[in-house]
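Peer 1: The file below is protein_3.cif, mmCIF, C-alpha atoms:
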data_data
loop_
_atom_site.label_atom_id
_atom_site.label_comp_id
_atom_site.auth_asym_id
_atom_site.auth_seq_id
_atom_site.Cartn_x
_atom_site.Cartn_y
_atom_site.Cartn_z
CA MET I 11 -7.09 -48.22 28.25
CA VAL I 12 -5.21 -45.48 26.41
CA TYR I 13 -6.81 -42.83 24.21
CA GLY I 14 -5.08 -39.85 22.59
CA GLU I 15 -5.90 -36.89 20.38
CA GLU I 16 -4.17 -33.72 19.32
CA ILE I 17 -5.61 -30.22 19.60
CA CYS I 18 -4.46 -27.69 17.00
CA VAL I 19 -4.40 -24.09 18.22
CA GLN I 20 -3.57 -20.86 16.42
CA THR I 21 -1.63 -18.64 18.78
CA LYS I 22 -0.32 -15.06 18.67
CA GLY I 23 2.93 -15.60 20.57
CA PHE I 24 4.55 -13.76 23.51
CA SER I 25 2.89 -16.05 26.07
CA ASP I 26 -0.50 -15.89 24.38
CA ILE I 27 -2.85 -17.88 26.65
CA VAL I 28 -5.63 -20.04 25.18
CA ASP I 29 -8.31 -21.89 27.15
CA LEU I 30 -8.28 -25.62 26.27
CA THR I 31 -10.71 -26.84 28.92
CA ALA I 32 -13.74 -27.53 26.72
CA GLU I 33 -11.66 -29.34 24.10
CA VAL I 34 -9.80 -31.44 26.70
CA SER I 35 -13.14 -32.35 28.32
CA ARG I 36 -14.55 -33.46 24.97
CA ILE I 37 -11.51 -35.66 24.34
CA VAL I 38 -11.78 -37.23 27.80
CA SER I 39 -15.45 -37.85 27.08
CA ARG I 40 -14.66 -39.49 23.72
CA SER I 41 -12.06 -41.69 25.44
CA LYS I 42 -14.94 -43.29 27.43
CA ALA I 43 -12.63 -43.40 30.48
CA LYS I 44 -14.54 -42.87 33.71
CA ALA I 45 -11.45 -42.75 35.91
CA GLY I 46 -7.74 -42.26 35.22
CA ILE I 47 -5.22 -39.60 34.35
CA VAL I 48 -5.09 -37.12 31.48
CA ALA I 49 -1.75 -35.66 30.37
CA VAL I 50 -2.10 -32.40 28.42
CA THR I 51 1.21 -31.55 26.79
CA ALA I 52 2.43 -28.80 24.47
CA ILE I 53 4.58 -30.21 21.69
CA GLY I 54 7.71 -28.10 21.26
CA SER I 55 10.22 -26.23 23.39
CA THR I 56 8.60 -22.77 23.52
CA ALA I 57 5.15 -23.54 24.96
CA SER I 58 3.65 -24.73 28.22
CA VAL I 59 0.37 -26.04 29.57
CA THR I 60 -0.79 -25.06 33.05
CA THR I 61 -4.02 -24.23 34.89
CA ILE I 62 -5.27 -20.74 35.69
CA GLU I 63 -8.48 -18.90 36.47
CA PHE I 64 -9.10 -17.90 32.87
CA GLU I 65 -10.35 -14.33 33.18
CA PRO I 66 -8.87 -11.42 31.19
CA ALA I 67 -7.35 -9.46 34.08
CA LEU I 68 -5.45 -12.43 35.48
CA VAL I 69 -4.38 -13.55 32.02
CA GLU I 70 -2.73 -10.14 31.55
CA ASP I 71 -1.18 -10.32 35.01
CA PHE I 72 0.32 -13.70 34.23
CA ARG I 73 1.77 -12.49 30.94
CA ASP I 74 3.32 -9.53 32.78
CA LYS I 75 4.80 -11.87 35.37
CA LEU I 76 6.38 -14.03 32.68
CA GLU I 77 7.78 -10.87 31.07
CA GLU I 78 9.27 -9.97 34.46
CA ILE I 79 10.81 -13.43 34.89
CA ALA I 80 12.30 -13.64 31.39
CA SER I 81 11.85 -10.47 29.34
CA ARG I 82 11.47 -10.49 25.56
CA ASP I 83 14.16 -7.76 25.54
CA GLU I 84 16.69 -9.83 27.47
CA ALA I 85 19.85 -10.68 25.56
CA THR I 86 20.36 -14.45 25.37
CA ARG I 87 23.15 -16.54 23.91
CA HIS I 88 20.48 -18.60 22.17
CA SER I 89 19.09 -15.60 20.27
CA GLN I 90 22.58 -14.34 19.45
CA THR I 91 23.65 -17.75 18.17
CA TRP I 92 20.59 -18.66 16.14
CA GLY I 93 19.18 -15.24 15.28
CA ASP I 94 15.61 -16.21 16.05
CA ASP I 95 15.19 -13.83 19.01
CA ASN I 96 13.15 -16.27 21.08
CA GLY I 97 15.61 -17.22 23.81
CA PHE I 98 13.22 -15.76 26.39
CA ALA I 99 10.44 -18.06 25.15
CA HIS I 100 12.61 -21.14 25.68
CA LEU I 101 13.49 -20.00 29.20
CA ARG I 102 9.84 -19.51 30.14
CA ALA I 103 8.90 -22.89 28.67
CA SER I 104 11.65 -24.85 30.40
CA LEU I 105 10.87 -23.21 33.74
CA MET I 106 7.14 -23.97 33.58
CA GLY I 107 7.48 -27.33 31.86
CA PRO I 108 5.55 -28.56 28.82
CA GLY I 109 2.41 -29.98 30.40
CA VAL I 110 0.09 -30.90 33.22
CA CYS I 111 -1.26 -34.22 34.37
CA LEU I 112 -4.75 -34.14 35.88
CA PRO I 113 -7.02 -36.78 37.41
CA VAL I 114 -10.04 -37.99 35.44
CA VAL I 115 -13.02 -38.52 37.76
CA GLY I 116 -16.56 -39.30 36.65
CA GLY I 117 -15.50 -39.11 33.01
CA ARG I 118 -14.17 -35.55 33.30
CA PRO I 119 -10.87 -33.83 34.10
CA LEU I 120 -11.08 -32.82 37.76
CA LEU I 121 -10.77 -29.05 38.15
CA GLY I 122 -11.87 -26.40 40.63
CA THR I 123 -14.75 -24.09 39.77
CA TRP I 124 -12.41 -21.24 38.79
CA GLN I 125 -9.70 -23.37 37.21
CA GLN I 126 -9.12 -23.85 33.49
CA ILE I 127 -6.52 -25.74 31.47
CA VAL I 128 -4.55 -23.39 29.22
CA LEU I 129 -1.88 -23.41 26.57
CA VAL I 130 0.75 -20.69 27.04
CA ASP I 131 2.61 -20.10 23.78
CA HIS I 132 5.79 -18.24 24.72
CA ASP I 133 7.18 -17.95 21.19
CA ASN I 134 7.74 -14.57 19.53
CA ARG I 135 5.40 -15.03 16.57
CA PRO I 136 2.00 -16.52 15.66
CA ARG I 137 2.13 -20.30 15.43
CA ASP I 138 -0.02 -23.29 14.65
CA ARG I 139 0.55 -25.17 17.86
CA ARG I 140 -0.17 -28.80 18.64
CA VAL I 141 -1.22 -29.95 22.09
CA HIS I 142 -1.44 -33.67 22.81
CA VAL I 143 -4.13 -35.01 25.15
CA GLN I 144 -3.45 -38.52 26.41
CA VAL I 145 -5.94 -40.38 28.61
CA VAL I 146 -4.93 -43.48 30.56
CA GLY I 147 -7.73 -45.07 32.53
CA GLU I 148 -10.66 -47.41 32.61
CA MET Y 9 -6.25 -50.38 37.56
CA VAL Y 10 -7.30 -46.92 38.72
CA TYR Y 11 -7.80 -45.89 42.35
CA GLY Y 12 -8.48 -42.39 43.65
CA GLU Y 13 -9.07 -40.60 46.93
CA GLU Y 14 -9.19 -37.02 48.10
CA ILE Y 15 -7.19 -35.57 50.98
CA CYS Y 16 -8.80 -32.66 52.86
CA VAL Y 17 -6.31 -30.20 54.36
CA GLN Y 18 -6.85 -27.12 56.49
CA THR Y 19 -4.37 -24.45 55.42
CA LYS Y 20 -3.40 -21.00 56.68
CA GLY Y 21 -2.78 -19.33 53.31
CA PHE Y 22 0.15 -17.25 51.94
CA SER Y 23 1.91 -20.33 50.56
CA ASP Y 24 1.37 -22.36 53.70
CA ILE Y 25 3.17 -25.66 53.10
CA VAL Y 26 1.74 -28.96 54.38
CA ASP Y 27 3.44 -32.37 54.22
CA LEU Y 28 1.19 -34.89 52.42
CA THR Y 29 3.68 -37.76 52.14
CA ALA Y 30 2.24 -40.08 54.78
CA GLU Y 31 -1.32 -39.63 53.51
CA VAL Y 32 -0.33 -40.14 49.86
CA SER Y 33 1.60 -43.28 50.83
CA ARG Y 34 -1.42 -44.66 52.66
CA ILE Y 35 -3.64 -44.05 49.62
CA VAL Y 36 -1.14 -45.76 47.32
CA SER Y 37 -1.06 -48.66 49.77
CA ARG Y 38 -4.87 -48.89 49.81
CA SER Y 39 -4.89 -48.86 45.98
CA LYS Y 40 -3.05 -52.23 46.08
CA ALA Y 41 -0.98 -51.05 43.08
CA LYS Y 42 2.57 -52.38 43.21
CA ALA Y 43 3.76 -50.39 40.19
CA GLY Y 44 2.40 -47.40 38.30
CA ILE Y 45 2.02 -43.66 38.54
CA VAL Y 46 0.44 -41.46 41.21
CA ALA Y 47 -0.83 -37.99 40.31
CA VAL Y 48 -1.17 -35.68 43.33
CA THR Y 49 -3.14 -32.60 42.33
CA ALA Y 50 -4.41 -29.53 44.18
CA ILE Y 51 -7.97 -28.73 43.16
CA GLY Y 52 -8.31 -24.99 42.49
CA SER Y 53 -6.33 -22.18 40.91
CA THR Y 54 -4.45 -20.86 43.96
CA ALA Y 55 -2.60 -23.95 45.19
CA SER Y 56 0.20 -26.23 44.01
CA VAL Y 57 1.71 -29.58 44.84
CA THR Y 58 5.48 -30.09 44.61
CA THR Y 59 8.24 -31.95 46.43
CA ILE Y 60 10.66 -30.43 48.95
CA GLU Y 61 12.90 -31.43 51.82
CA PHE Y 62 10.27 -30.72 54.46
CA GLU Y 63 12.27 -29.09 57.24
CA PRO Y 64 11.26 -25.76 58.84
CA ALA Y 65 14.20 -23.66 57.66
CA LEU Y 66 13.78 -24.61 54.00
CA VAL Y 67 10.00 -24.26 54.20
CA GLU Y 68 10.51 -20.64 55.29
CA ASP Y 69 13.11 -20.09 52.56
CA PHE Y 70 10.71 -21.37 49.94
CA ARG Y 71 7.89 -19.12 51.16
CA ASP Y 72 10.29 -16.16 51.00
CA LYS Y 73 11.28 -17.09 47.47
CA LEU Y 74 7.64 -17.23 46.36
CA GLU Y 75 7.11 -13.82 48.00
CA GLU Y 76 10.07 -12.54 45.97
CA ILE Y 77 8.70 -13.99 42.72
CA ALA Y 78 5.14 -12.69 43.21
CA SER Y 79 4.69 -10.52 46.28
CA ARG Y 80 1.45 -10.37 48.23
CA ASP Y 81 1.80 -6.56 48.03
CA GLU Y 82 2.05 -6.50 44.25
CA ALA Y 83 -0.79 -4.68 42.48
CA THR Y 84 -2.57 -6.99 40.04
CA ARG Y 85 -5.40 -6.38 37.61
CA HIS Y 86 -7.06 -9.50 39.02
CA SER Y 87 -7.20 -8.10 42.56
CA GLN Y 88 -8.32 -4.69 41.31
CA THR Y 89 -11.07 -6.22 39.19
CA TRP Y 90 -12.43 -8.76 41.64
CA GLY Y 91 -11.47 -7.21 44.99
CA ASP Y 92 -10.24 -10.47 46.46
CA ASP Y 93 -6.59 -9.39 46.78
CA ASN Y 94 -5.22 -12.78 45.80
CA GLY Y 95 -3.80 -12.08 42.34
CA PHE Y 96 -0.33 -12.98 43.63
CA ALA Y 97 -1.63 -16.40 44.72
CA HIS Y 98 -2.92 -17.16 41.23
CA LEU Y 99 0.40 -16.14 39.68
CA ARG Y 100 2.37 -18.43 42.00
CA ALA Y 101 -0.02 -21.32 41.35
CA SER Y 102 0.03 -21.01 37.56
CA LEU Y 103 3.82 -20.77 37.52
CA MET Y 104 4.33 -23.87 39.66
CA GLY Y 105 1.40 -25.83 38.26
CA PRO Y 106 -1.27 -27.69 40.22
CA GLY Y 107 0.36 -31.06 40.80
CA VAL Y 108 3.09 -33.65 40.53
CA CYS Y 109 3.15 -37.09 38.98
CA LEU Y 110 5.42 -39.63 40.70
CA PRO Y 111 6.31 -43.25 40.01
CA VAL Y 112 4.87 -45.98 42.23
CA VAL Y 113 7.46 -48.70 42.87
CA GLY Y 114 7.09 -51.58 45.31
CA GLY Y 115 3.69 -50.28 46.38
CA ARG Y 116 5.00 -46.86 47.41
CA PRO Y 117 5.54 -43.45 45.82
CA LEU Y 118 9.22 -43.29 44.87
CA LEU Y 119 10.98 -40.44 46.69
CA GLY Y 120 14.48 -39.59 47.85
CA THR Y 121 15.35 -39.85 51.53
CA TRP Y 122 15.03 -36.10 52.05
CA GLN Y 123 12.11 -35.55 49.70
CA GLN Y 124 8.49 -35.05 50.73
CA ILE Y 125 5.27 -34.37 48.80
CA VAL Y 126 3.71 -31.06 49.87
CA LEU Y 127 0.68 -28.92 49.26
CA VAL Y 128 1.49 -25.23 48.86
CA ASP Y 129 -1.62 -23.14 49.43
CA HIS Y 130 -0.87 -19.72 47.95
CA ASP Y 131 -4.23 -18.14 48.77
CA ASN Y 132 -4.51 -15.15 51.13
CA ARG Y 133 -6.69 -16.78 53.79
CA PRO Y 134 -7.21 -20.08 55.63
CA ARG Y 135 -8.93 -22.65 53.44
CA ASP Y 136 -10.26 -26.18 53.50
CA ARG Y 137 -8.31 -27.48 50.57
CA ARG Y 138 -8.88 -30.68 48.58
CA VAL Y 139 -6.02 -32.61 47.04
CA HIS Y 140 -6.79 -35.49 44.70
CA VAL Y 141 -4.56 -38.57 44.68
CA GLN Y 142 -5.01 -40.75 41.59
CA VAL Y 143 -3.16 -44.05 41.19
CA VAL Y 144 -2.92 -45.78 37.79
CA GLY Y 145 -1.08 -49.07 37.87
CA GLU Y 146 -1.18 -52.77 38.42
CA MET V 6 0.89 -52.44 31.51
CA VAL V 7 3.54 -50.81 33.68
CA TYR V 8 7.27 -50.83 32.98
CA GLY V 9 9.98 -48.96 34.89
CA GLU V 10 13.73 -48.48 34.84
CA GLU V 11 16.20 -46.16 36.47
CA ILE V 12 18.80 -44.07 34.66
CA CYS V 13 22.01 -43.34 36.57
CA VAL V 14 23.67 -40.04 35.66
CA GLN V 15 26.90 -38.45 36.84
CA THR V 16 26.37 -34.73 37.22
CA LYS V 17 28.58 -31.74 38.00
CA GLY V 18 26.11 -29.73 40.09
CA PHE V 19 25.00 -26.07 39.95
CA SER V 20 22.11 -26.87 37.60
CA ASP V 21 24.21 -29.07 35.35
CA ILE V 22 21.92 -30.09 32.48
CA VAL V 23 22.11 -33.57 30.94
CA ASP V 24 20.19 -34.81 27.87
CA LEU V 25 18.18 -37.95 28.75
CA THR V 26 16.18 -38.23 25.52
CA ALA V 27 17.97 -41.19 23.95
CA GLU V 28 17.94 -43.19 27.17
CA VAL V 29 14.26 -42.45 27.88
CA SER V 30 13.39 -43.45 24.30
CA ARG V 31 15.24 -46.75 24.71
CA ILE V 32 13.36 -47.50 27.93
CA VAL V 33 10.01 -46.70 26.30
CA SER V 34 11.02 -49.01 23.46
CA ARG V 35 11.94 -51.82 25.87
CA SER V 36 8.58 -51.37 27.63
CA LYS V 37 6.87 -52.48 24.38
CA ALA V 38 4.15 -49.87 25.04
CA LYS V 39 2.83 -48.37 21.83
CA ALA V 40 0.63 -45.79 23.55
CA GLY V 41 0.50 -44.38 27.07
CA ILE V 42 2.27 -42.00 29.38
CA VAL V 43 5.89 -41.86 30.52
CA ALA V 44 6.80 -40.15 33.80
CA VAL V 45 10.46 -39.10 34.01
CA THR V 46 11.29 -38.15 37.58
CA ALA V 47 14.45 -37.06 39.38
CA ILE V 48 14.80 -38.84 42.71
CA GLY V 49 15.75 -36.35 45.41
CA SER V 50 14.96 -32.79 46.45
CA THR V 51 17.69 -30.90 44.56
CA ALA V 52 17.08 -31.95 40.96
CA SER V 53 14.42 -31.49 38.28
CA VAL V 54 13.46 -32.93 34.93
CA THR V 55 12.08 -30.66 32.21
CA THR V 56 12.25 -30.28 28.43
CA ILE V 57 14.46 -27.81 26.55
CA GLU V 58 16.04 -27.33 23.14
CA PHE V 59 19.31 -28.94 24.12
CA GLU V 60 21.91 -26.72 22.47
CA PRO V 61 24.88 -25.23 24.35
CA ALA V 62 23.91 -21.56 24.14
CA LEU V 63 20.42 -22.11 25.53
CA VAL V 64 21.69 -24.49 28.18
CA GLU V 65 23.95 -21.70 29.46
CA ASP V 66 21.09 -19.19 29.26
CA PHE V 67 18.90 -21.46 31.34
CA ARG V 68 21.57 -21.95 33.98
CA ASP V 69 21.98 -18.16 34.15
CA LYS V 70 18.24 -17.73 34.55
CA LEU V 71 18.15 -20.22 37.43
CA GLU V 72 21.07 -18.35 39.02
CA GLU V 73 19.02 -15.15 38.69
CA ILE V 74 15.94 -16.75 40.26
CA ALA V 75 17.77 -18.35 43.19
CA SER V 76 21.46 -17.47 43.37
CA ARG V 77 24.08 -19.83 44.75
CA ASP V 78 25.30 -16.86 46.82
CA GLU V 79 21.94 -16.20 48.41
CA ALA V 80 21.82 -16.68 52.19
CA THR V 81 19.19 -19.27 53.14
CA ARG V 82 18.02 -20.51 56.51
CA HIS V 83 18.46 -24.05 55.18
CA SER V 84 22.17 -23.55 54.48
CA GLN V 85 22.70 -21.75 57.79
CA THR V 86 20.92 -24.52 59.71
CA TRP V 87 22.45 -27.57 58.04
CA GLY V 88 25.76 -26.19 56.78
CA ASP V 89 25.49 -27.81 53.37
CA ASP V 90 25.24 -24.56 51.40
CA ASN V 91 22.69 -25.90 48.95
CA GLY V 92 19.56 -24.02 49.98
CA PHE V 93 19.44 -22.40 46.53
CA ALA V 94 19.39 -25.87 44.91
CA HIS V 95 16.34 -26.89 46.93
CA LEU V 96 14.53 -23.68 45.99
CA ARG V 97 15.18 -24.23 42.27
CA ALA V 98 14.07 -27.85 42.50
CA SER V 99 10.83 -27.16 44.37
CA LEU V 100 9.92 -24.35 41.97
CA MET V 101 10.46 -26.46 38.85
CA GLY V 102 9.21 -29.71 40.32
CA PRO V 103 10.89 -33.12 40.12
CA GLY V 104 9.64 -34.44 36.81
CA VAL V 105 7.69 -34.37 33.58
CA CYS V 106 4.96 -36.60 32.25
CA LEU V 107 4.89 -37.03 28.46
CA PRO V 108 2.62 -38.93 26.08
CA VAL V 109 3.89 -42.12 24.44
CA VAL V 110 2.72 -42.32 20.81
CA GLY V 111 3.84 -44.91 18.29
CA GLY V 112 6.16 -46.48 20.85
CA ARG V 113 8.08 -43.25 21.48
CA PRO V 114 7.89 -40.26 23.84
CA LEU V 115 6.17 -37.49 21.87
CA LEU V 116 8.45 -34.46 21.53
CA GLY V 117 8.91 -31.57 19.13
CA THR V 118 11.83 -31.56 16.72
CA TRP V 119 13.84 -29.18 18.90
CA GLN V 120 12.74 -30.55 22.25
CA GLN V 121 14.78 -32.82 24.50
CA ILE V 122 14.16 -34.33 27.95
CA VAL V 123 16.79 -33.18 30.44
CA LEU V 124 17.87 -33.69 34.01
CA VAL V 125 18.78 -30.45 35.79
CA ASP V 126 20.90 -31.20 38.84
CA HIS V 127 20.75 -28.09 41.01
CA ASP V 128 22.96 -29.39 43.82
CA ASN V 129 26.30 -27.73 44.68
CA ARG V 130 28.56 -30.70 43.99
CA PRO V 131 29.02 -33.62 41.59
CA ARG V 132 26.51 -36.38 42.25
CA ASP V 133 25.51 -39.81 41.06
CA ARG V 134 21.91 -39.05 40.31
CA ARG V 135 19.04 -41.48 39.73
CA VAL V 136 16.19 -40.69 37.38
CA HIS V 137 13.19 -42.99 37.28
CA VAL V 138 11.38 -43.66 34.00
CA GLN V 139 7.91 -45.15 34.43
CA VAL V 140 5.78 -46.18 31.44
CA VAL V 141 2.06 -46.85 31.82
CA GLY V 142 0.34 -47.94 28.64
CA GLU V 143 -0.59 -50.71 26.29
#
Please lay out the structure from this file as structure tokens.
Peer 2:
Amino acid sequence: MVYGEEICVQTKGFSDIVDLTAEVSRIVSRSKAKAGIVAVTAIGSTASVTTIEFEPALVEDFRDKLEEIASRDEATRHSQTWGDDNGFAHLRASLMGPGVCLPVVGGRPLLGTWQQIVLVDHDNRPRDRRVHVQVVGE
Amino acid sequence: MVYGEEICVQTKGFSDIVDLTAEVSRIVSRSKAKAGIVAVTAIGSTASVTTIEFEPALVEDFRDKLEEIASRDEATRHSQTWGDDNGFAHLRASLMGPGVCLPVVGGRPLLGTWQQIVLVDHDNRPRDRRVHVQVVGE
Amino acid sequence: MVYGEEICVQTKGFSDIVDLTAEVSRIVSRSKAKAGIVAVTAIGSTASVTTIEFEPALVEDFRDKLEEIASRDEATRHSQTWGDDNGFAHLRASLMGPGVCLPVVGGRPLLGTWQQIVLVDHDNRPRDRRVHVQVVGE
């Protein structure tokens, strides 16, 4: 059985991090799958989905780390060529990848107690971002 | 068809790397799936699953690289706020992601000759870690 | 339903980046799956699959970033032990992971307009590389 839905998220850019856990759990619940896999995927080349302990201090730490790995001030050929100044966002996204794949157990995405599913929008401006949630199971 | 099991692993922390390949292969075998996908996922926000050539020299190199990317000595807001000193472990885990998804072909996870599936436990202490192995296939 | 094929790619090494989107789309089409998940996975421990806006400036930026994260000139225990000088390639591959898992919607892998699926071959020489494409769906 396959069931899919999209989540629409308003983001602020610069690796803005948004907790998707409740919405993903609702979609898994609506899928009626008791066991399987759920793929949570950011659509586009400047965003990622990962898991994190979603608490404000760590969220800031993670944004700082991404800034350290690929700074918004870094000159890139991409920004110079296209003039959109978001080369750094592409680099962060391609390093982290667009999504995560998690097990569905007992009708829910399996996560640790301090583990949430998040969208990380690396782009350099607010965006209406789409995240696809695909459940394959039974 | 969906089949899942958990692997329990005792780890030493600080990106301790443990080879899971034999155990994952046994679970895929017990699933009876000949073809499909296997998702191998660390439960929790301070561990990752990836693939590596599991030989001691490279394992040390990889731990050094993770130390370079997010040092255990680095001050983080997370550690300052919660006093558990493992902010670096969260950063490593969220960068790498919690798991991998591999094809199942001929009743086995498809890997290269020099490629193993490993748990990387980034946390700053020994832990009893759970890794979920979910097979979807036929 | 499960359907799998391998793509064979000739690569130049040093994080050579090759667009796989058209070939993955053809395989998803041949699978006849309308909805599901597609796992695109590099076989081996020195290559990765991710998504990127596949345009030449960004491709160069990304290769530079990988060089910054794990330089080809960096001394590694792996290279010293085995004499194959590709320790850096293993580090890049294990950080990024071997593959991506994307939703299949309407018989196609779901991607943004400026988002392509790519193989990144980190190894230090030309290779004939195999990428497995596994579709699970209905």
Peer 1: Can you spell out as a PyMOL selection string the set of residues that the PyMOL selection byres ((chain V and resi 121) around 7) selects in the structure I just provided?
Peer 2: chain V and resi 24+26+56-59+119-120+122-123
Peer 1: Counting all atoms listed in the file, which residue out of V:Arg132, V:Arg113, V:Arg82, V:His127 sits closest to chain Y?
Peer 2: V:Arg82
Peer 1: Using only C-alpha atoms, find which residues of chain I lie within 10 Å of chain V and jot them down as number ranges by chain.
Peer 2: I: 11-14, 47-56, 79-80, 85-92, 97-98, 100-111, 140, 142-147
Peer 1: Which residue, V:Val136, V:Leu124, V:Pro131, V:Ala94, has the smallest gap to Gly18 in chain V when you use all atoms listed in the file?
Peer 2: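 Result for the nearest residue to Gly18 in chain V: V:Pro131.
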Peer 1: Could you check how far CA of Asp126 in chain V sits from CA of Val23 in chain V, in Å to one decimal?
Peer 2: 8.3 Å
Peer 1: Provide the CA of Asp95 in chain I to CA of Glu72 in chain V distance in Å, to one decimal place.
Peer 2: 21.3 Å
Peer 1: Between I:Asp83, I:Asn134, I:Arg139, I:Gly116, single out the one closest to Ser25 in chain I, counting all atoms listed in the file.
Peer 2: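 Of the candidates, the smallest distance to Ser25 in chain I is held by I:Asn134.
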Peer 1: For CA of Ser58 in chain I and CA of Thr21 in chain I, quote the distance in Å rounded to one decimal.
Peer 2: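 Straight-line distance from CA of Ser58 in chain I to CA of Thr21 in chain I works out to 12.4 Å.
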Peer 1: Take the PyMOL selection byres ((chain Y and resi 34) around 12), apply it to the structure above, and return the hits as a PyMOL selection string.
Peer 2: chain Y and resi 12-15+28-33+35-41+115-117+141+143
Peer 1: Write a file of the just-selected residues containing C-alpha atoms, as a compact mmCIF listing (two decimals), in the frame of the given file.
Peer 2:
# COMPACT_ATOMS: atom_id res chain seq x y z
CA GLY Y 12 -8.48 -42.39 43.65
CA GLU Y 13 -9.07 -40.60 46.93
CA GLU Y 14 -9.19 -37.02 48.10
CA ILE Y 15 -7.19 -35.57 50.98
CA LEU Y 28 1.19 -34.89 52.42
CA THR Y 29 3.68 -37.76 52.14
CA ALA Y 30 2.24 -40.08 54.78
CA GLU Y 31 -1.32 -39.63 53.51
CA VAL Y 32 -0.33 -40.14 49.86
CA SER Y 33 1.60 -43.28 50.83
CA ILE Y 35 -3.64 -44.05 49.62
CA VAL Y 36 -1.14 -45.76 47.32
CA SER Y 37 -1.06 -48.66 49.77
CA ARG Y 38 -4.87 -48.89 49.81
CA SER Y 39 -4.89 -48.86 45.98
CA LYS Y 40 -3.05 -52.23 46.08
CA ALA Y 41 -0.98 -51.05 43.08
CA GLY Y 115 3.69 -50.28 46.38
CA ARG Y 116 5.00 -46.86 47.41
CA PRO Y 117 5.54 -43.45 45.82
CA VAL Y 141 -4.56 -38.57 44.68
CA VAL Y 143 -3.16 -44.05 41.19
Peer 1: I'd like the residues picked by the PyMOL selection byres ((chain Y and resi 17) around 6) written out as a list in words, using the chain letters and numbers from the file.
Peer 2: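 Given this file, the PyMOL selection byres ((chain Y and resi 17) around 6) evaluates to Cys16, Gln18, Asp136 and Arg137 of chain Y.
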